[in-house]
Each structure stands twice: as C-alpha cells, then as structure tokens.
Amino acid sequence: MEKRHESDGLRFGYGTNGFANHRLDDALAVIADLGYEGVALTLDTDHLDPFAPELSRRVAAVADRLQRLGLGVVIETGARYLLDPWRKHSPTLLEEGRELRLDFLRRAVDIGADLGAEAVSFWAGVQPADVGDTTAWDRLVDGCAQTLEKAERKGVTLGFEPEPGMLVPDIAAWRRLHAALGAPAGFGITLDIGHCRCLEPDPVPDCVTAVAGHLVNVQIDDMRRGTHEHLEFGTGEIDFPPVLAALSAAGYTGLVAVELPRHSHAAPTVAAQSLEFLRAAQK
C-alpha cells in the first residue's frame with residue numbers, strides 16, 4: 001500500500017538498521033504501512049550500498065519510492081562492516097586509512113542531497129590505542145570540516161551524534177567540536193534519547209531542552225544508566241512522556257526515529273509495538 005501520512009504531533013520514523021533481513025523496498029513498505037512518517041536509512045551492503053554499481057539509478061528509484069510512500073528520510077552512516085569486512089565501523093575519521101571514511105561521508109552527502117534528506121548523520125569513532133589525544137582530535141576536526149564543506153555545497157544539513165565510548169561521547173564534547181568548527185549553522189546534533197539516559201548527567205528531557213536550538217535528528221530507544229544497549233520501549237529506565245513533551249516544546253519538527261539495530265529478527269512486530277508505545281506516550 002502506497003500512501004502519504006499526515007503529521008499529528010511528532011513525526012515518528014524507524015531505522016532500516018532494524019530491518020537488516022529485509023530488502024530495502026520491502027522494509028520501506030512495511031515501515032510506511034505501519035504508519036511511520038519517515039525512515040532513518042542506514043547506507044549498508046544491502047540497503048543502498050554507496051559503493052555498488054549504478055548508484056545514481058538506485059538512488060533515483062529509492063527517491064521515487066520514498067515519495068510515493070510519503071516517507072521523510074534522514075541518512076545514517078553507522079553501517080558495521082561496509083568499509084572493512086574484518087573490523088566493525090573501521091576505518092573511522094580518527095584512524096589511518098581515514099580517506100575511505102571521508103569518501104563514504106561524501107557519498108552519503110550526495111545521496112542525502114538527491115533524496116532530499118532532512119539530515120546526514122555521522123559520529124567520531126573510537127580513539128585507537130596508538131593514536132594520541134591531539135592527533136585524534138585534529139583528525140576529527142579536519143574530517144568534520146571537509147564533510148561540512150561538501151554538505152554546504154550540496155545544501156545538506158549534518159547531524160553529528162555523540163556516541164558512548166567514542167571520542168565525542170556526550171553533549172559537552174559535541175559543543176567543543178561545534179565550537180572548534182566555528183559554530184556553523186549546518187552542523188547540528190543527532191541526539192539519541194537512550195544515550196542521554198546512559199551517560200548524560202542531566203535528566204533526559206533536560207538534555208533535549210539543552211540542545212533544542214541545534215537539534216536536527218533524533219534517534220529514540222530505551223536504555224539503562226551506564227549500559228550502552230538499545231532496548232525496546234518499556235524495558236529500560238526512561239520515562240518517555242516527558243521526553244516527547246520536551247521535543248514538542250522545543251518546536252522540533254524533524255524525524256524521531258526508532259533505533260533498534262539488534263532487533264531485525266522480529267522487525268515488523270517490534271516496529272508495530274514501538275509505534276503503538278510512542279503514540280500512547282505522546283498523549
């Protein structure tokens with residue numbers, strides 16, 4: 001069934017990394033049929049691989065599919081083994097061989113522009129043991145600056161995600177990075193609600209309020225304090241009604257996309273239950 005959705009309050013989406021066992025066309029159809037208004041599209045080996053042949057044709061087909069299904073889109077770049085079949089998430093912007101990551105991010109920006117994506121999201125990576133603090137930070141700032149230059153030329157907004165365990169793990173570190181880049185308007189923040197519970201010192205709704213002016217992408221999942229594990233709603237420690245109220249009060253109009261990358265084995269069921277939970281929490 002192909003249809004358009006009329007937004008009523010927050011715009012909920014679902015991440016394709018939680019549909020890893022589905023063809024992309026099928027995943028998009030299920031997400032739309034369930035009533036989601038958007039998709040967080042992780043570029044990956046089986047989901048619009050940016051390194052596979054005939055990219056422009058495939059991007060055009062996805063753009064048409066999204067339009068006919070009435071789905072907004074953000075581009076996510078957290079594929080595990082797309083760049084290196086042996087090492088998860090490698091190379092990052094901090095490592096030797098980082099040119100491959102930069103090439104990937106440039107391709108993601110191009111795809112985002114062609115799809116009319118609301119944001120292209122990325123993160124720092126884990127600091128390698130053999131890379132010093134100054135070198136790691138300088139590489140990150142340089143990589144972000146190069147990606148930002150490309151994004152500004154293409155009219156694409158970047159959302160940088162603080163990720164537990166990475167060089168930029170939290171909002172405070174994102175602020176430092178944002179300042180180091182000259183506080184550009186096109187370099188926003190991707191906020192994972194679960195991460196706020198995992199490690200931020202402030203209550204989760206206060207985290208939302210604190211970055212409201214820079215918020216361009218939201219990932220949502222449940223989580224417990226001190227444990228970076230994406231959980232289904234109601235199985236962690238987050239009280240979601242105040243979080244959703246904070247997003248609404250902030251005037252956030254982007255996607256709020258469910259981020260459950262380890263639940264592909266039951267994707268349609270989990271996606272249906274997730275949307276039911278979020279709609280109830282928004283009332």
# chains A, B, ... in the order shown; residues from 1 in each chain; ligands from 1

$ closest_atom_pairs --of "stretch 49-134 of chain A" --to "stretch 257-261 of chain A" --cutoff "12 Å" --atoms "only C-alpha atoms" --output "CSV"
residue,atom,partner,partner_atom,distance
A:Leu71,CA,A:Ala257,CA,11.9
A:Gly72,CA,A:Ala257,CA,10.6
A:Val73,CA,A:Ala257,CA,9.7
A:Val74,CA,A:Ala257,CA,9.1
A:Ile75,CA,A:Ala257,CA,11.3
A:Glu76,CA,A:Glu259,CA,10.8
A:Gly78,CA,A:Pro261,CA,10.2
A:Ala79,CA,A:Pro261,CA,10.1
A:Arg80,CA,A:Pro261,CA,10.5

$ select_by_dssp --residues "stretch 26-180 of chain A" --states "helix (DSSP H, G or I)" --output "ChimeraX atom specification"
/A:26-34,55-69,98-115,133-154,171-180

$ residues_around --residues "A:Ala185" --least-positions-apart "5" --cutoff "10 Å" --atoms "only C-alpha atoms" --output "MDAnalysis selection string"
chainID A and resid 152 157:158 178 213:214

$ residues_around --residues "stretch 125-130 of chain A" --least-positions-apart "4" --cutoff "12 Å" --atoms "only C-alpha atoms" --output "VMD selection string"
chain A and resid 77 to 78 80 88 to 96 98 101 134 to 140 143 160 to 169

$ select_by_dssp --residues "stretch 63-105 of chain A" --states "strand (DSSP E)" --output "PyMOL selection string"
chain A and resi 72-76

$ closest_atom_pairs --of "stretch 79-113 of chain A" --to "stretch 48-52 of chain A" --cutoff "10 Å" --atoms "only C-alpha atoms" --output "CSV"
residue,atom,partner,partner_atom,distance
A:Leu82,CA,A:Asp49,CA,8.1
A:Leu83,CA,A:Phe51,CA,9.4
A:Asp103,CA,A:Phe51,CA,9.9
A:Phe104,CA,A:Pro50,CA,7.5
A:Leu105,CA,A:Pro50,CA,9.8
A:Arg107,CA,A:Pro50,CA,6.5
A:Ala108,CA,A:Pro50,CA,7.4
A:Asp110,CA,A:Pro50,CA,9.8
A:Ile111,CA,A:Pro50,CA,8.1

$ closest_residue --among "A:Ala20, A:Phe12, A:His47, A:Leu191" --to "A:Leu34" --atoms "only C-alpha atoms"
A:Phe12

$ closest_residue --among "A:Leu41, A:Ala210, A:Gly132, A:Arg197" --to "A:Gly226" --atoms "only C-alpha atoms"
A:Arg197

$ closest_residue --among "A:Arg153, A:His230, A:Arg11, A:His22" --to "A:His265" --atoms "only C-alpha atoms"
A:His22

$ residues_around --residues "stretch 271-281 of chain A" --least-positions-apart "5" --cutoff "12 Å" --atoms "only C-alpha atoms" --output "PyMOL selection string"
chain A and resi 8-19+27-28+30-39+220-222+231-235+238-245+256-261+263-266

$ atom_distance --atom1 "atom CA of A:Val204" --atom2 "atom CA of A:Arg175"
17.2 Å
